[in-house]
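Asks: Structure below; questions to follow.
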Number of protein chains: 2
Amino acid sequence: MATQISLEPIGFVHSHVKITPKPEYDWSDAVSEIELAQAWQAGLDGLEQYSHVIVLYWAHKATDKAKMALRVHYRGEVTLPKVGLFASRSPYRPNPLCMKVVRLLSVKGNILHVQNLDALDGTPVVDIKPFIPTNDVPTDVRVPDWNQFRSETP
Amino acid sequence: MATQISLEPIGFVHSHVKITPKPEYDWSDAVSEIELAQAWQAGLDGLEQYSHVIVLYWAHKATDKAKMALRVHYRGEVTLPKVGLFASRSPYRPNPLCMKVVRLLSVKGNILHVQNLDALDGTPVVDIKPFIPTNDVPTDVRVPDWNQFRSETP
């Protein structure tokens, strides 16, 4: 399709995770830093009053289109049936944009400290939004059986 | 910053909402269609087993950088204090990407019917992901007082 969209990173992730870990890697306690370009610092005013923020980032290590498949094993687990890529959260997507809700630990100047961000060191961040349950959490949510997989593994 | 990122729409929104409505417009009952490029149709397999999906879209009517301010009135409400743009959900952002959790009503071929998508007719869609509460809904969420505004108005 003809529409072309250009994004500019607003900042970058600093993390001790430098290379892609295994799918079962647990990011929940990982603390990372997001360093925003100084031009955007005033745009953070008031964000510290939220406990959680939505981070949109560019999965810069998942841009090889040769590795993208239309149908994938959910979470890379070969015992599960293949599903369409849009029914997965694989970073190998037509546009490798990832969305992660993270705990906001602090905002100091142009630096955010966050917990649970599943992004590698050097990842370009393209947006940060406040997480607002009345807006972002619907009721009556249903997920398929094969998605329950996550909670069955430690 | 030097990194440049290009996105390609995977599809477009069809909606009866053709022009930007007032901020108080209630989208919750709005039903829209997302028409994916046919090349991506197989990528939808299994998505219909989820009740809700995350839609990432390009706010193509909010790309005028002259209208973007670093500090904005929350929800355009002048009685509320100004906050940084990243503490708001205004579409006027360095990268006007919007994220909306919508109810998935049906998937037929390359067409999704969704409810509660706050996007104008013709909006480019750049990603669709399954909404997974164990992944996307944290506990102990706190929002600032001025965010309660929404629930105080009908």
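Going by the structure tokens order, chains are called A, B, ..., each with residues numbered from 1, while ligands are numbered from 1 in the order shown.
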Taking only C-alpha atoms into account and nothing else, which residues of chain B lie no more than 7 Å away from chain A? Please answer as JSON, numbers by chain.
Replies: {"B": [1, 3, 4, 5, 6, 7, 8, 9, 42, 43, 44, 45, 46, 47, 49, 50, 51, 52, 70, 71, 83, 84, 85, 86, 87, 88, 89, 95, 101, 126, 127, 128, 129, 130, 132, 136, 137, 141, 142, 143, 144]}
Asks: With DSSP run on the backbone, what are the alpha helix (DSSP H) residues within segment 41-147 of chain B? I'd like them as a list in words.
Replies: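 Those in segment 41-147 of chain B that DSSP calls alpha helix (DSSP H) are Pro133, Thr134, Asn135 and Asp136 of chain B.
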Asks: Just list as a VMD selection string whatever in segment 41-153 of chain B DSSP marks as strand (DSSP E).
Replies: chain B and resid 52 to 58 71 to 73 82 to 84 97 to 108 111 to 115 124 to 130
Asks: What is the atom CA of Ser15 of chain A to atom CA of Gly76 of chain A distance in Å?
Replies: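 For atom CA of Ser15 of chain A relative to atom CA of Gly76 of chain A, the distance reads 23.6 Å.
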